[in-house]
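Here is the structure we will look at.
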Amino acid sequence: MARVISVEAERFPIAGTFTISRGSKTEAEVITVTIADNGHVGRGECVPYRRYGETMEGVRAAIEAMRGPIIDGIGRTALLAAMPAGAARNAIDCALWDLEAKLSARPVADAIGVVSPKALETAYTLSLAEPEAMAAQARAAASRPLLKVKIGGDNDAARIRAVTQAAPQSRIILDANEGWTDNNIVENLAFAAEHGIVVIEQPLPAGRDGILREIAHPVPICADESVHEAKNLEALVGLYDVVNIKLDKTGGLTEALILRDRARELGFGIMVGCMVGTSLAMAPAVLLAQGADFVDLDGPLLLAHDREPGLVYKGSLVSPPQPALWG
């Protein structure tokens, strides 16, 4: 019996508004791929991201263009050659992983060598706002051990001060989303170090980050927009200390595992992150993140409601997925 594929666009309201240096959103727009074979079903979710030139319509069209090869039984390795990295390949790749697990009755965790996956401590993200509003967000989340704070404006020192004072017990990641410049990065890094920040994500625009090789890193600097696939990594040695691996950038778990292992070989720290999506998008990333230095898989915590069944979050701990969800 041939495989049967469905592709669905879904929208999940965000609890309030999610704001970064590039703009705001009030809902998570995702595309879900379902592949059925011999009575078993595999699913994958992706989040098209405009920063990388992706749209809901374009990603859906890219998935539909692969319908024939998917029906004909394309595997994950062949998929890497057949499609570029990005959201479309991610949804298909994760659906194939899930389908393989269901057909073989072998969990994905076993297949990737993860013995007894554990609950992980995830960061919790605070949206970019004025310092007073960010302090209020931080106070409300001050019981969480790890906060990720969106910055990238003209008043970042005040934001850093406000958040660290409002959540003094929390470890804090700063995410500038390419919002700093050559003119302010040295001063901002020094200020962040003085305030105990544990890591800073993508302070400068991808491709315009050469200065990072020449300046001190008083706080470790993490590549996000600058890294998509393993082939990007060697050029980042000496610029960054950590890399943020996201399945929507790598184009699925298959490439993400390659990227993670190569990053470790090159001496990078590992962060596993996410776009704002549901538990279906986070599930494979929770397995990828076993052993990571930083985990940022709080997408479902930012939604007004998640899909059912979802991942289990207890405070800032996220548990591995159950087979009914994925894997």
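So you can find residues: chains in the structure tokens are A, B, ... in the order shown, residues in each start at 1, and ligands are numbered from 1 in order.
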Excluding same-chain residues fewer than 5 positions from A:Ser170, what lies within 8 Å of it counting only C-alpha atoms, as a list in words? Ala142, Ser143, Arg144, Pro145, Leu146, Leu147 and Thr164 of chain A
What lies within 8 Å of A:Asp93 using only C-alpha atoms, ignoring chain neighbours under 2 positions off, as a PyMOL selection string? chain A and resi 44+76+79+89-91+95-97+251-254
Selection file, C-alpha atoms, as a PDB file, in the first residue's frame:
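part_2.pdb written:
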```
ATOM      1  CA  GLY A  44       6.158  16.514  11.702  1.00  0.00           C
ATOM      2  CA  ARG A  76      15.699  10.670   5.195  1.00  0.00           C
ATOM      3  CA  LEU A  79      15.732  13.824   1.461  1.00  0.00           C
ATOM      4  CA  ARG A  89      12.354  19.700   4.867  1.00  0.00           C
ATOM      5  CA  ASN A  90      12.039  19.763   8.656  1.00  0.00           C
ATOM      6  CA  ALA A  91       8.351  18.816   8.624  1.00  0.00           C
ATOM      7  CA  ALA A  95       7.354  12.921   9.963  1.00  0.00           C
ATOM      8  CA  LEU A  96       9.628  10.234   8.480  1.00  0.00           C
ATOM      9  CA  TRP A  97      11.418   9.729  11.806  1.00  0.00           C
ATOM     10  CA  GLY A 251      15.774  21.096   7.880  1.00  0.00           C
ATOM     11  CA  GLY A 252      15.030  18.312  10.309  1.00  0.00           C
ATOM     12  CA  LEU A 253      16.467  16.033  12.960  1.00  0.00           C
ATOM     13  CA  THR A 254      18.698  14.130  10.513  1.00  0.00           C
TER      14      THR A 254
END
```
Original post:
Out of stretch 80-266 of chain A, which residues get strand (DSSP E) from DSSP, as an MDAnalysis selection string?
Top reply: chainID A and resid 120:121 124:126 146:150 171:175 199:201 221:223 242:245
Please identify the alpha helix (DSSP H) residues within stretch 137-206 of chain A (assignment by DSSP from backbone atoms) and present them as a ChimeraX atom specification. /A:137-140,156-166,185-194
How many Å separate atom CA of A:His217 from atom CA of A:Gly273?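 Spanning atom CA of A:His217 to atom CA of A:Gly273 is a straight-line distance of 21.6 Å.
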(request) Can you pull out every residue within 10 Å of stretch 104-111 of chain A, counting only C-alpha atoms, but drop anything in the same chain fewer than 2 positions away, and send it as number ranges by chain? (result) A: 40, 97-102, 113-117, 284, 286-288, 290, 320-323, 326-327
Would you mind exporting N, CA, C and O atoms of the selected residues as a compact mmCIF listing (two decimals), in the first residue's frame?
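Final output, out.txt:
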```
# COMPACT_ATOMS: atom_id res chain seq x y z
N HIS A 40 0.15 2.85 9.99
CA HIS A 40 0.91 3.65 10.96
C HIS A 40 1.05 5.08 10.44
O HIS A 40 1.08 5.31 9.22
N TRP A 97 10.90 10.31 10.57
CA TRP A 97 11.42 9.73 11.81
C TRP A 97 10.29 9.09 12.62
O TRP A 97 10.42 7.97 13.13
N ASP A 98 9.21 9.85 12.78
CA ASP A 98 8.07 9.36 13.56
C ASP A 98 7.47 8.11 12.93
O ASP A 98 7.16 7.12 13.61
N LEU A 99 7.33 8.14 11.59
CA LEU A 99 6.77 6.98 10.89
C LEU A 99 7.67 5.75 11.06
O LEU A 99 7.19 4.64 11.31
N GLU A 100 8.99 5.95 10.92
CA GLU A 100 9.93 4.83 11.11
C GLU A 100 9.78 4.22 12.50
O GLU A 100 9.81 2.99 12.67
N ALA A 101 9.64 5.09 13.50
CA ALA A 101 9.49 4.60 14.87
C ALA A 101 8.22 3.77 15.03
O ALA A 101 8.22 2.71 15.67
N LYS A 102 7.14 4.24 14.41
CA LYS A 102 5.87 3.52 14.53
C LYS A 102 5.92 2.20 13.76
O LYS A 102 5.42 1.17 14.23
N GLY A 113 20.52 6.72 19.69
CA GLY A 113 21.48 6.42 20.74
C GLY A 113 21.27 7.14 22.06
O GLY A 113 22.20 7.27 22.85
N VAL A 114 20.05 7.59 22.28
CA VAL A 114 19.74 8.24 23.56
C VAL A 114 19.15 7.20 24.51
O VAL A 114 18.05 6.70 24.28
N VAL A 115 19.90 6.88 25.53
CA VAL A 115 19.45 5.89 26.50
C VAL A 115 18.70 6.60 27.64
O VAL A 115 19.23 7.53 28.24
N SER A 116 17.47 6.19 27.87
CA SER A 116 16.66 6.77 28.95
C SER A 116 16.65 8.29 28.91
O SER A 116 17.22 8.96 29.77
N PRO A 117 16.03 8.88 27.89
CA PRO A 117 15.97 10.35 27.82
C PRO A 117 15.35 10.93 29.09
O PRO A 117 14.43 10.38 29.66
N PRO A 284 10.95 16.28 18.79
CA PRO A 284 12.24 15.76 18.34
C PRO A 284 13.40 16.56 18.92
O PRO A 284 14.48 16.01 19.17
N VAL A 286 13.61 17.84 21.89
CA VAL A 286 13.89 17.39 23.25
C VAL A 286 14.86 16.21 23.24
O VAL A 286 15.76 16.12 24.09
N LEU A 287 14.72 15.33 22.27
CA LEU A 287 15.66 14.21 22.16
C LEU A 287 17.03 14.70 21.68
O LEU A 287 18.06 14.25 22.19
N LEU A 288 17.04 15.61 20.73
CA LEU A 288 18.30 16.19 20.25
C LEU A 288 19.04 16.89 21.39
O LEU A 288 20.28 16.86 21.45
N GLN A 290 19.25 16.26 24.57
CA GLN A 290 19.82 15.49 25.68
C GLN A 290 21.34 15.72 25.71
O GLN A 290 22.03 15.46 24.75
N PRO A 320 10.58 14.12 27.97
CA PRO A 320 10.65 13.55 26.62
C PRO A 320 9.25 13.21 26.10
O PRO A 320 8.34 12.98 26.88
N PRO A 321 9.08 13.17 24.77
CA PRO A 321 7.75 12.91 24.22
C PRO A 321 7.29 11.48 24.42
O PRO A 321 8.11 10.54 24.42
N GLN A 322 6.00 11.33 24.59
CA GLN A 322 5.38 10.02 24.58
C GLN A 322 5.06 9.64 23.13
O GLN A 322 4.83 10.52 22.28
N PRO A 323 5.00 8.35 22.80
CA PRO A 323 4.76 7.92 21.41
C PRO A 323 3.46 8.48 20.80
O PRO A 323 3.42 8.69 19.58
N TRP A 326 4.85 11.89 19.47
CA TRP A 326 5.89 11.76 18.42
C TRP A 326 6.97 10.82 18.91
O TRP A 326 7.28 10.76 20.10
N GLY A 327 7.52 10.07 17.97
CA GLY A 327 8.76 9.35 18.21
C GLY A 327 8.66 8.01 18.88
O GLY A 327 9.64 7.46 19.33
```
Correct to one decimal, the distance atom CA of A:Glu178-atom CA of A:Ala123 is 19.6 Å
For A:Ser279: contacts at 6 Å, only C-alpha atoms, fewer than 6 positions along chain excluded, given as an NGL selection string:
:A and (300 or 310-311)
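Going from atom CA of A:Ser24 to atom CA of A:Val149 covers 14.7 Å.
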In terms of only C-alpha atoms, the residue from A:Leu233, A:Asp296, A:Glu54, A:Ala193 at minimal distance from A:Asp261 is A:Leu233
Counting only C-alpha atoms, the residue among A:Ile31, A:Leu297, A:Ile71, A:Leu302 that lies closest to A:Leu317 is A:Leu297
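Across A:Gln202, A:Asn244, A:Asn155, A:Ser6, the tightest approach to A:Asn177 is made by A:Gln202 when counting only C-alpha atoms.
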Restricting to only C-alpha atoms, whichever of A:Glu255, A:Glu121, A:Glu265, A:Asp241 is closest to A:Ala78 is A:Glu255
So that I can check the surroundings of A:Glu194, please list as a VMD selection string every protein, DNA and RNA residue that reaches within 12 Å of it, counting only C-alpha atoms and ignoring chain neighbours fewer than 6 positions away.
chain A and resid 157 160 to 161 164 187 to 188 218 to 219
Okay, now the selection with N, CA, C and O atoms, as an mmCIF file, in the first residue's frame?
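File result-v3.cif, as written:
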```
data_model
loop_
_atom_site.group_PDB
_atom_site.id
_atom_site.type_symbol
_atom_site.label_atom_id
_atom_site.label_comp_id
_atom_site.auth_asym_id
_atom_site.auth_seq_id
_atom_site.Cartn_x
_atom_site.Cartn_y
_atom_site.Cartn_z
ATOM 1 N N ALA A 157 21.107 48.322 27.841
ATOM 2 C CA ALA A 157 21.709 48.337 29.178
ATOM 3 C C ALA A 157 20.615 48.461 30.239
ATOM 4 O O ALA A 157 20.635 47.756 31.255
ATOM 5 N N ILE A 160 18.807 45.115 30.489
ATOM 6 C CA ILE A 160 19.601 44.121 31.202
ATOM 7 C C ILE A 160 19.552 44.391 32.702
ATOM 8 O O ILE A 160 19.343 43.476 33.511
ATOM 9 N N ARG A 161 19.735 45.638 33.076
ATOM 10 C CA ARG A 161 19.701 45.992 34.500
ATOM 11 C C ARG A 161 18.333 45.675 35.096
ATOM 12 O O ARG A 161 18.230 45.078 36.185
ATOM 13 N N THR A 164 17.788 41.706 35.363
ATOM 14 C CA THR A 164 18.633 41.028 36.347
ATOM 15 C C THR A 164 18.249 41.429 37.771
ATOM 16 O O THR A 164 18.325 40.602 38.689
ATOM 17 N N GLU A 187 30.797 47.569 24.381
ATOM 18 C CA GLU A 187 30.195 48.138 25.593
ATOM 19 C C GLU A 187 29.068 47.241 26.120
ATOM 20 O O GLU A 187 28.969 46.994 27.329
ATOM 21 N N ASN A 188 28.227 46.739 25.222
ATOM 22 C CA ASN A 188 27.111 45.885 25.646
ATOM 23 C C ASN A 188 27.594 44.559 26.234
ATOM 24 O O ASN A 188 27.030 44.060 27.215
ATOM 25 N N PRO A 218 33.720 38.439 26.976
ATOM 26 C CA PRO A 218 33.568 38.283 28.423
ATOM 27 C C PRO A 218 32.343 37.442 28.797
ATOM 28 O O PRO A 218 32.256 36.928 29.904
ATOM 29 N N VAL A 219 31.436 37.308 27.851
ATOM 30 C CA VAL A 219 30.302 36.386 27.951
ATOM 31 C C VAL A 219 30.343 35.522 26.691
ATOM 32 O O VAL A 219 30.598 36.034 25.598
#
```
One residue among A:Met271, A:Arg208, A:His305, A:Tyr313 is nearest to A:Cys222 when using only C-alpha atoms, and that residue is A:Met271
Exercise for the section: Using only C-alpha atoms, pick whichever of A:Glu130, A:Glu45, A:Glu57, A:Asp175 has the shortest atom-to-atom distance to A:Pro203. Expected result: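 With only C-alpha atoms as the atom set, the closest residue is A:Asp175.
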